[in-house]
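Reproduced below: coords_33.cif, with mmCIF, C-alpha atoms.
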```
data_query
loop_
_atom_site.label_atom_id
_atom_site.label_comp_id
_atom_site.auth_asym_id
_atom_site.auth_seq_id
_atom_site.Cartn_x
_atom_site.Cartn_y
_atom_site.Cartn_z
CA MET A 1 3.63 110.61 91.41
CA GLY A 2 5.19 110.74 88.03
CA LYS A 3 8.31 108.94 87.02
CA SER A 4 11.48 110.95 87.20
CA LYS A 5 13.28 111.35 83.96
CA LEU A 6 16.80 109.93 84.02
CA GLY A 7 19.10 111.51 81.52
CA LYS A 8 22.79 111.56 80.88
CA ARG A 9 24.89 113.39 83.45
CA LYS A 10 26.50 116.45 82.01
CA LEU A 11 30.20 116.83 82.68
CA PRO A 12 31.19 119.99 84.51
CA LYS A 13 33.24 122.58 82.75
CA GLU A 14 36.31 121.76 84.81
CA GLU A 15 36.55 118.25 83.28
CA VAL A 16 38.22 118.08 79.91
CA LYS A 17 38.46 114.98 77.77
CA ASN A 18 41.88 114.21 76.37
CA ASN A 19 42.44 111.00 74.37
CA GLY A 20 39.55 109.28 76.08
CA GLN A 21 40.81 110.18 79.62
CA GLU A 22 39.06 112.60 81.93
CA ILE A 23 41.42 115.16 83.44
CA LYS A 24 40.23 117.56 86.11
CA ALA A 25 41.49 121.04 85.49
CA LEU A 26 42.49 123.09 88.51
CA PRO A 27 40.21 126.00 89.35
CA ALA A 28 41.37 129.51 88.56
CA SER A 29 41.27 130.47 92.26
CA ARG A 30 41.00 128.59 95.54
CA LYS A 31 40.83 129.37 99.23
CA SER A 32 43.97 129.43 101.35
CA ASP A 33 42.49 126.94 103.85
CA GLU A 34 41.64 124.43 101.18
CA PRO A 35 44.18 121.53 101.11
CA ILE A 36 46.10 120.85 97.94
CA PRO A 37 44.98 117.62 96.26
CA LYS A 38 47.74 115.03 96.34
CA LYS A 39 48.29 112.07 94.09
CA ASP A 40 48.48 108.59 95.59
CA ARG A 41 52.14 107.80 94.81
CA TRP A 42 52.87 105.63 97.87
CA ILE A 43 52.97 102.26 96.14
CA ASN A 44 55.46 100.27 98.26
CA ARG A 45 53.41 99.63 101.41
CA GLN A 46 56.14 98.00 103.49
CA ARG A 47 55.51 98.17 107.24
CA VAL A 48 57.93 96.65 109.75
CA LEU A 49 56.83 95.55 113.21
CA VAL A 50 59.68 96.17 115.70
CA MET A 51 59.28 94.48 119.07
CA ALA A 52 61.23 92.68 121.79
CA SER A 53 60.75 89.83 124.18
CA ARG A 54 61.18 90.13 127.92
CA GLY A 55 64.72 89.57 129.15
CA ILE A 56 66.76 92.09 127.12
CA ASN A 57 69.18 94.39 128.94
CA HIS A 58 69.54 98.16 128.69
CA ARG A 59 72.06 98.14 125.81
CA ASP A 60 69.81 95.93 123.68
CA ARG A 61 66.87 98.22 124.39
CA HIS A 62 68.88 101.28 123.32
CA LEU A 63 69.87 99.50 120.10
CA MET A 64 66.22 98.79 119.34
CA ARG A 65 65.40 102.46 119.95
CA ASP A 66 68.14 103.57 117.54
CA ILE A 67 66.85 101.24 114.83
CA LYS A 68 63.33 102.64 115.29
CA MET A 69 64.70 106.14 114.76
CA LEU A 70 66.29 105.04 111.48
CA MET A 71 63.10 103.40 110.16
CA PRO A 72 60.14 105.78 109.74
CA HIS A 73 58.04 102.92 108.31
CA HIS A 74 58.13 100.88 111.53
CA ARG A 75 55.32 100.13 113.97
CA GLU A 76 55.76 99.45 117.66
CA GLU A 77 54.45 96.71 119.87
CA SER A 78 54.81 96.00 123.57
CA LYS A 79 57.15 93.32 124.88
CA MET A 80 56.18 89.74 124.22
CA GLU A 81 55.90 87.33 127.11
CA ARG A 82 58.22 84.35 127.17
CA SER A 83 55.30 81.96 127.65
CA LYS A 84 54.03 82.78 124.13
CA THR A 85 55.33 81.02 121.06
CA LEU A 86 56.90 82.86 118.15
CA THR A 87 54.03 81.98 115.83
CA VAL A 88 51.84 84.47 117.74
CA ILE A 89 53.82 87.26 116.05
CA ASN A 90 52.09 86.46 112.75
CA GLU A 91 48.73 87.38 114.30
CA MET A 92 50.23 90.58 115.75
CA CYS A 93 51.46 91.55 112.29
CA THR A 94 48.03 90.94 110.83
CA MET A 95 46.42 93.25 113.41
CA LYS A 96 49.08 95.92 112.83
CA HIS A 97 48.93 95.58 109.02
CA CYS A 98 52.65 94.75 108.86
CA ASN A 99 54.38 92.40 106.45
CA LYS A 100 57.89 92.40 107.99
CA VAL A 101 59.11 91.72 111.56
CA LEU A 102 62.17 92.61 113.62
CA LEU A 103 62.12 90.68 116.90
CA PHE A 104 64.82 91.22 119.56
CA GLU A 105 65.08 88.15 121.77
CA GLY A 106 67.25 88.25 124.91
CA ARG A 107 68.80 85.25 126.64
CA ARG A 108 70.31 85.22 130.15
CA LYS A 109 70.55 89.03 130.22
CA MET A 110 73.74 88.70 128.15
CA ASP A 111 72.97 87.36 124.68
CA LEU A 112 70.81 89.05 122.03
CA TYR A 113 69.20 87.29 119.07
CA LEU A 114 67.51 89.11 116.18
CA TRP A 115 64.72 87.57 114.09
CA MET A 116 63.92 88.93 110.63
CA ALA A 117 60.85 87.50 108.95
CA ASN A 118 58.55 88.04 106.01
CA VAL A 119 54.97 87.60 107.24
CA PRO A 120 53.12 85.36 106.63
CA GLU A 121 54.78 83.37 103.82
CA GLY A 122 58.37 83.52 105.04
CA PRO A 123 61.29 83.08 105.02
CA SER A 124 62.65 83.97 108.46
CA VAL A 125 66.25 84.34 109.62
CA LYS A 126 67.75 84.08 113.09
CA PHE A 127 70.87 86.15 113.90
CA LEU A 128 73.16 86.44 116.89
CA VAL A 129 73.91 90.13 117.49
CA GLU A 130 77.51 90.84 118.53
CA ASN A 131 79.68 93.92 119.17
CA ILE A 132 76.78 96.26 119.91
CA HIS A 133 77.55 100.01 120.04
CA THR A 134 74.62 102.45 120.26
CA MET A 135 74.43 106.09 119.15
CA GLY A 136 74.64 107.38 122.71
CA GLU A 137 77.70 105.27 123.38
CA LEU A 138 79.63 106.15 120.22
CA LYS A 139 78.92 109.92 120.12
CA MET A 140 79.96 110.22 116.49
CA THR A 141 80.08 113.56 114.68
CA GLY A 142 77.84 112.38 111.84
CA ASN A 143 74.21 113.51 111.61
CA CYS A 144 71.27 112.99 109.28
CA LEU A 145 67.72 114.23 108.92
CA LYS A 146 65.20 112.17 110.87
CA GLY A 147 62.98 110.24 108.47
CA SER A 148 65.26 110.65 105.44
CA ARG A 149 65.68 107.77 103.01
CA PRO A 150 69.01 105.91 103.02
CA LEU A 151 71.15 104.30 100.36
CA LEU A 152 71.83 100.58 100.88
CA SER A 153 75.34 99.39 100.02
CA PHE A 154 76.10 95.65 99.95
CA ASP A 155 79.40 93.84 99.73
CA PRO A 156 80.09 91.93 96.43
CA HIS A 157 79.99 88.67 98.43
CA PHE A 158 76.19 89.01 98.67
CA ASN A 159 75.92 88.14 94.96
CA GLN A 160 78.03 84.97 95.14
CA GLN A 161 76.32 82.58 97.56
CA PRO A 162 72.59 81.62 97.51
CA HIS A 163 71.90 82.22 101.21
CA LEU A 164 73.58 85.64 101.01
CA LYS A 165 71.36 86.58 98.05
CA LEU A 166 68.31 85.74 100.17
CA LEU A 167 69.65 87.79 103.09
CA LYS A 168 70.34 90.73 100.78
CA GLU A 169 66.75 90.75 99.52
CA LEU A 170 65.34 90.50 103.05
CA LEU A 171 67.60 93.29 104.38
CA THR A 172 66.66 95.50 101.42
CA GLN A 173 62.94 95.10 102.05
CA ILE A 174 63.26 95.72 105.80
CA PHE A 175 65.75 98.59 106.00
CA GLY A 176 64.81 100.31 102.75
CA VAL A 177 62.40 103.22 103.37
CA PRO A 178 59.53 103.18 100.82
CA ASN A 179 59.34 106.08 98.41
CA PHE A 180 56.73 108.75 99.23
CA HIS A 181 56.08 107.25 102.67
CA PRO A 182 54.00 109.71 104.74
CA LYS A 183 56.53 109.77 107.61
CA SER A 184 59.63 109.93 105.39
CA GLN A 185 61.49 112.94 104.08
CA PRO A 186 62.36 113.36 100.36
CA PHE A 187 66.10 113.45 101.07
CA ILE A 188 68.95 110.94 100.82
CA ASP A 189 71.74 112.02 103.16
CA HIS A 190 73.05 108.76 104.69
CA VAL A 191 74.00 105.24 103.63
CA TYR A 192 73.72 101.79 105.25
CA THR A 193 76.69 99.52 104.53
CA PHE A 194 76.38 95.74 104.88
CA THR A 195 79.79 94.05 104.71
CA TYR A 196 80.30 90.28 104.76
CA LEU A 197 83.51 89.51 106.64
CA ASP A 198 84.59 86.61 108.86
CA LYS A 199 81.30 84.73 108.19
CA ARG A 200 79.36 87.68 109.65
CA ILE A 201 77.45 90.75 108.43
CA TRP A 202 78.84 94.09 109.65
CA PHE A 203 76.38 97.01 109.77
CA ARG A 204 77.44 100.68 109.61
CA ASN A 205 75.38 103.87 109.25
CA GLN A 206 77.28 106.80 107.71
CA GLN A 207 76.43 110.34 106.67
CA ILE A 208 77.08 111.51 103.09
CA LEU A 209 79.05 114.74 103.33
CA SER A 210 79.64 115.48 99.66
CA GLU A 211 79.17 114.00 96.22
CA ASP A 212 82.80 112.87 96.02
CA GLY A 213 82.10 110.07 98.53
CA ALA A 214 83.19 111.63 101.84
CA LEU A 215 81.48 109.80 104.72
CA VAL A 216 81.18 110.29 108.49
CA GLU A 217 79.82 107.56 110.74
CA ILE A 218 76.61 108.21 112.66
CA GLY A 219 75.85 104.93 114.41
CA PRO A 220 74.72 102.51 115.66
CA ARG A 221 77.06 99.66 114.75
CA PHE A 222 76.60 95.95 115.28
CA VAL A 223 77.52 92.57 113.79
CA LEU A 224 75.00 89.93 112.69
CA ASN A 225 76.07 86.31 112.91
CA PRO A 226 73.53 84.24 110.91
CA VAL A 227 72.39 81.06 112.64
CA LYS A 228 69.55 79.54 110.56
CA ILE A 229 67.20 80.34 107.71
CA PHE A 230 63.70 78.88 107.98
CA GLU A 231 61.23 78.31 105.17
CA GLY A 232 58.20 79.84 106.86
CA SER A 233 57.59 82.73 109.21
CA PHE A 234 59.15 81.50 112.50
CA THR A 235 58.29 77.93 111.45
CA GLY A 236 59.06 75.47 108.72
CA GLU A 237 62.04 73.52 107.52
CA ALA A 238 65.56 74.86 107.98
CA LEU A 239 66.78 75.91 104.52
CA TRP A 240 70.31 76.75 105.64
CA GLU A 241 72.34 76.37 108.84
CA ASN A 242 75.65 78.01 109.69
CA PRO A 243 78.26 75.26 110.23
CA HIS A 244 80.68 77.73 111.87
CA TYR A 245 78.21 78.97 114.48
CA VAL A 246 79.05 78.46 118.16
CA SER A 247 76.48 79.48 120.75
CA PRO A 248 77.55 82.05 123.37
CA ALA A 249 76.93 79.60 126.22
CA ARG A 250 79.12 77.00 124.51
CA TYR A 251 81.83 79.61 123.91
CA ARG A 252 81.86 80.65 127.58
CA GLN A 253 82.02 76.98 128.59
CA MET A 254 85.08 76.48 126.35
CA ILE A 255 86.80 79.48 127.95
CA ARG A 256 86.15 78.13 131.45
CA LYS A 257 87.42 74.73 130.38
CA GLN A 258 90.62 76.25 129.01
CA ALA A 259 91.13 78.11 132.29
CA SER A 260 90.71 74.86 134.23
CA VAL A 261 93.20 73.12 131.93
CA ARG A 262 95.75 75.88 132.55
CA TYR A 263 95.32 75.43 136.31
CA GLU A 264 95.77 71.66 135.99
CA ASP A 265 98.92 72.14 133.89
CA ARG A 266 100.37 74.54 136.44
CA MET A 267 99.72 72.15 139.31
CA GLY A 268 101.18 69.25 137.31
CA GLN A 269 104.36 71.21 136.63
CA LYS A 270 104.66 72.02 140.30
CA LEU A 271 104.33 68.35 141.31
CA THR A 272 106.86 67.31 138.65
CA ARG A 273 109.34 69.90 139.88
CA GLU A 274 108.99 68.73 143.48
CA ALA A 275 109.37 65.08 142.42
CA LYS A 276 112.58 65.82 140.54
CA LYS A 277 114.04 67.85 143.40
CA SER A 278 116.86 66.00 145.19
CA LYS A 279 116.26 65.19 148.84
CA THR A 280 119.97 64.69 149.77
CA THR A 281 122.82 67.15 149.31
CA PHE A 282 126.44 66.26 148.61
CA ALA A 283 129.64 68.10 149.59
CA ALA A 284 131.45 69.99 146.86
CA ASP A 285 134.50 68.34 145.32
CA GLU A 286 137.70 70.42 145.12
CA THR A 287 138.71 68.78 141.84
CA ASP A 288 135.68 70.22 140.02
CA ASP A 289 137.64 73.41 139.31
CA VAL A 290 140.23 71.44 137.38
CA TYR A 291 137.70 70.52 134.72
CA CYS A 292 136.47 74.08 134.22
CA LEU A 293 136.00 74.50 130.49
CA ASN A 294 136.02 78.32 130.46
CA PRO A 295 139.60 79.59 130.99
CA THR A 296 138.46 83.16 131.63
CA LYS A 297 136.32 82.13 134.58
CA LYS A 298 139.19 79.97 135.89
CA ALA A 299 141.70 82.87 135.67
CA THR A 300 139.27 85.23 137.38
CA ARG A 301 138.70 82.75 140.18
CA LEU A 302 142.47 82.24 140.70
CA ALA A 303 143.07 86.00 140.78
CA GLU A 304 140.36 86.41 143.43
CA GLN A 305 141.88 83.63 145.51
CA GLU A 306 145.37 85.21 145.31
CA ALA A 307 143.97 88.61 146.30
CA GLU A 308 142.20 87.08 149.29
CA SER A 309 145.39 85.22 150.37
CA SER A 310 147.50 88.39 150.10
CA ASP A 311 144.98 90.36 152.14
CA SER A 312 144.95 87.68 154.81
CA SER A 313 148.81 87.60 154.99
CA ASP A 314 148.95 91.39 155.40
CA ASP A 315 146.47 91.20 158.23
CA ASP A 316 148.53 88.51 159.98
CA GLU A 317 151.73 90.63 159.76
CA GLU A 318 149.96 93.63 161.28
CA ASP A 319 148.66 91.48 164.12
CA ASP A 320 152.21 90.17 164.80
CA ASN A 321 153.66 93.69 164.89
CA VAL A 322 151.01 94.87 167.31
CA ALA A 323 151.67 91.87 169.57
CA MET A 324 155.45 92.51 169.58
CA ASN A 325 154.97 96.18 170.49
CA ASP A 326 152.71 95.22 173.37
CA SER A 327 155.25 92.73 174.71
CA GLU A 328 158.08 95.30 174.55
CA GLN A 329 156.06 97.80 176.52
CA ASP A 330 155.37 95.17 179.20
CA ASP A 331 159.11 94.37 179.54
CA SER A 332 160.02 98.02 179.96
CA ASP A 333 157.49 98.38 182.72
#
```
Written as structure tokens, how would this file's structure read?
Amino acid sequence: MGKSKLGKRKLPKEEVKNNGQEIKALPASRKSDEPIPKKDRWINRQRVLVMASRGINHRDRHLMRDIKMLMPHHREESKMERSKTLTVINEMCTMKHCNKVLLFEGRRKMDLYLWMANVPEGPSVKFLVENIHTMGELKMTGNCLKGSRPLLSFDPHFNQQPHLKLLKELLTQIFGVPNFHPKSQPFIDHVYTFTYLDKRIWFRNQQILSEDGALVEIGPRFVLNPVKIFEGSFTGEALWENPHYVSPARYRQMIRKQASVRYEDRMGQKLTREAKKSKTTFAADETDDVYCLNPTKKATRLAEQEAESSDSSDDDEEDDNVAMNDSEQDDSD
């Protein structure tokens, strides 16, 4: 067999060279079934793994469902068993090709904690979720297109303190929908507001009605109370700790203790009142009226006494007259 001759590949007519770059020109005609070639413009490949641990109640589950509806770039995972440690989530993210995590952790069927983490380098933040109101519970008039990209509005306090700057960056990467995401819509019709008030982060989702800034709330709404910021993903040294944080169990214990203190105070007042109560009674002194300091009361009392004495004298006269008439009738008989 002879050797095949290898020559230079000739460029097709559709390819045109322009400044050293090869640009493919579109054909003059194409079939209707042929898909349109698309450019790869999806650069921000953020994927958020949203999952929960066993032990959350129905309201927490509905809140997690609402957040999934607001985030088209999320990926689901089944509930995590309590026997597993939190570091297992890093392996789950690797299998799901996710680099952010939202973990809803329930305690005692009453308390809800939210973990936000950047996998696998960190950092990770633990929040206590308070004042939860879901979309089904609020029934607001606002509405937005499913999968649309939101605007993120942060309070000016997020630019003043170091830990708030870190939280702002983490919230932006998690709740911000990447541009040109396959499941997103090329519209911006709602805004997420993060307000820092009373040492907490208040979340609101509102619809943009017009360009002049008119807003209508959609829901859900909740409050994030930051507890700790860790260096790694669910591990590492604590970079910041909230000095004003009180756990829900400790708060309920304080309320019960205050109730017990109120009961003890009430019983103590009752015993003091019974101890001060006099066991013997004394007869009233007639000379007490002489030292009456209020002359009006004294005059009123004297007038009442005179009226009673006059009424009693009139009654005695009537009784005497009736007795005399009876005696006269007996004598005549």
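The spacing separating CA of Pro178 in chain A from CA of Pro156 in chain A amounts to 23.8 Å.
Residues matched by the PyMOL selection byres ((chain A and resi 122) around 6) in this file: A:Asn118, A:Val119, A:Pro120, A:Glu121, A:Pro123, A:Ser124, A:Glu231, A:Gly232, A:Ser233.
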Handout entry: Option closest in space to Asp60 in chain A, from A:Asn143, A:Ser78, A:Asn131, A:Gln185 [counting all atoms listed in the file]
Key = A:Asn131
Handout entry: Two-atom distance - CA of Leu209 in chain A, CA of Gly142 in chain A (Å)
Key = 8.9 Å
Handout entry: Computed interatomic separation between CA of Lys139 in chain A and CA of Val177 in chain A (Å)
Key =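 According to the coordinates, CA of Lys139 in chain A and CA of Val177 in chain A are separated by 24.5 Å.
Residues in contact with Thr193 in chain A at up to 9 Å, not including ones fewer than 4 positions away on its chain and judged by only C-alpha atoms, are Leu151, Leu152, Ser153, Phe154, Asp155, Trp202, Phe203, Arg204, Asn205 and Gln206 of chain A.
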Could you work out an axis-aligned box for range 68-80 of chain A, taking every atom the file lists and adding 8 Å on each side, and report centre and edge lengths in Å to one decimal, as AutoDock Vina command-line options?
```
--center_x 60.4 --center_y 97.9 --center_z 116.6 --size_x 27.8 --size_y 32.4 --size_z 32.6
```
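This file, filtered with the PyMOL selection byres ((chain A and resi 247) around 12), gives the residues Arg107, Asp111, Leu112, Tyr113, Phe127, Leu128, Val129, Glu130, Asn225, Pro226, Val227, Asn242, Pro243, His244, Tyr245, Val246, Pro248, Ala249, Arg250, Tyr251, Arg252, Gln253 and Met254 of chain A.
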Please provide the set of residues having any atom within 10 Å of Val50 in chain A, restricted to only C-alpha atoms, with same-chain residues fewer than 2 positions apart removed, written as a CSV table (one decimal) with C-alpha atoms, in the frame of the given file.
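Everything below was put into selection-v7.csv:
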```csv
chain,number,residue,atom,x,y,z
A,47,ARG,CA,55.5,98.2,107.2
A,48,VAL,CA,57.9,96.6,109.8
A,52,ALA,CA,61.2,92.7,121.8
A,64,MET,CA,66.2,98.8,119.3
A,65,ARG,CA,65.4,102.5,120.0
A,67,ILE,CA,66.8,101.2,114.8
A,68,LYS,CA,63.3,102.6,115.3
A,71,MET,CA,63.1,103.4,110.2
A,74,HIS,CA,58.1,100.9,111.5
A,75,ARG,CA,55.3,100.1,114.0
A,76,GLU,CA,55.8,99.4,117.7
A,77,GLU,CA,54.4,96.7,119.9
A,78,SER,CA,54.8,96.0,123.6
A,79,LYS,CA,57.2,93.3,124.9
A,98,CYS,CA,52.6,94.8,108.9
A,100,LYS,CA,57.9,92.4,108.0
A,101,VAL,CA,59.1,91.7,111.6
A,102,LEU,CA,62.2,92.6,113.6
A,103,LEU,CA,62.1,90.7,116.9
A,104,PHE,CA,64.8,91.2,119.6
A,116,MET,CA,63.9,88.9,110.6
```
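Proximity to Arg61 in chain A was assessed for A:Ile132, A:Ile229, A:Leu166, A:Ala275 counting all atoms listed in the file; the smallest distance is recorded for A:Ile132.
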Just want the 12 Å neighbourhood of Gly147 in chain A, counted on only C-alpha atoms, with same-chain residues fewer than 2 positions away dropped. Output as a PDB file with C-alpha atoms, in the frame of the given file.
```
ATOM      1  CA  ILE A  67      66.850 101.240 114.830  1.00  0.00           C
ATOM      2  CA  LYS A  68      63.330 102.640 115.290  1.00  0.00           C
ATOM      3  CA  MET A  69      64.700 106.140 114.760  1.00  0.00           C
ATOM      4  CA  LEU A  70      66.290 105.040 111.480  1.00  0.00           C
ATOM      5  CA  MET A  71      63.100 103.400 110.160  1.00  0.00           C
ATOM      6  CA  PRO A  72      60.140 105.780 109.740  1.00  0.00           C
ATOM      7  CA  HIS A  73      58.040 102.920 108.310  1.00  0.00           C
ATOM      8  CA  HIS A  74      58.130 100.880 111.530  1.00  0.00           C
ATOM      9  CA  CYS A 144      71.270 112.990 109.280  1.00  0.00           C
ATOM     10  CA  LEU A 145      67.720 114.230 108.920  1.00  0.00           C
ATOM     11  CA  ARG A 149      65.680 107.770 103.010  1.00  0.00           C
ATOM     12  CA  PRO A 150      69.010 105.910 103.020  1.00  0.00           C
ATOM     13  CA  GLY A 176      64.810 100.310 102.750  1.00  0.00           C
ATOM     14  CA  VAL A 177      62.400 103.220 103.370  1.00  0.00           C
ATOM     15  CA  PRO A 178      59.530 103.180 100.820  1.00  0.00           C
ATOM     16  CA  ASN A 179      59.340 106.080  98.410  1.00  0.00           C
ATOM     17  CA  PHE A 180      56.730 108.750  99.230  1.00  0.00           C
ATOM     18  CA  HIS A 181      56.080 107.250 102.670  1.00  0.00           C
ATOM     19  CA  PRO A 182      54.000 109.710 104.740  1.00  0.00           C
ATOM     20  CA  LYS A 183      56.530 109.770 107.610  1.00  0.00           C
ATOM     21  CA  SER A 184      59.630 109.930 105.390  1.00  0.00           C
ATOM     22  CA  GLN A 185      61.490 112.940 104.080  1.00  0.00           C
ATOM     23  CA  PRO A 186      62.360 113.360 100.360  1.00  0.00           C
ATOM     24  CA  PHE A 187      66.100 113.450 101.070  1.00  0.00           C
ATOM     25  CA  ILE A 188      68.950 110.940 100.820  1.00  0.00           C
ATOM     26  CA  ASP A 189      71.740 112.020 103.160  1.00  0.00           C
ATOM     27  CA  HIS A 190      73.050 108.760 104.690  1.00  0.00           C
TER      28      HIS A 190
END
```
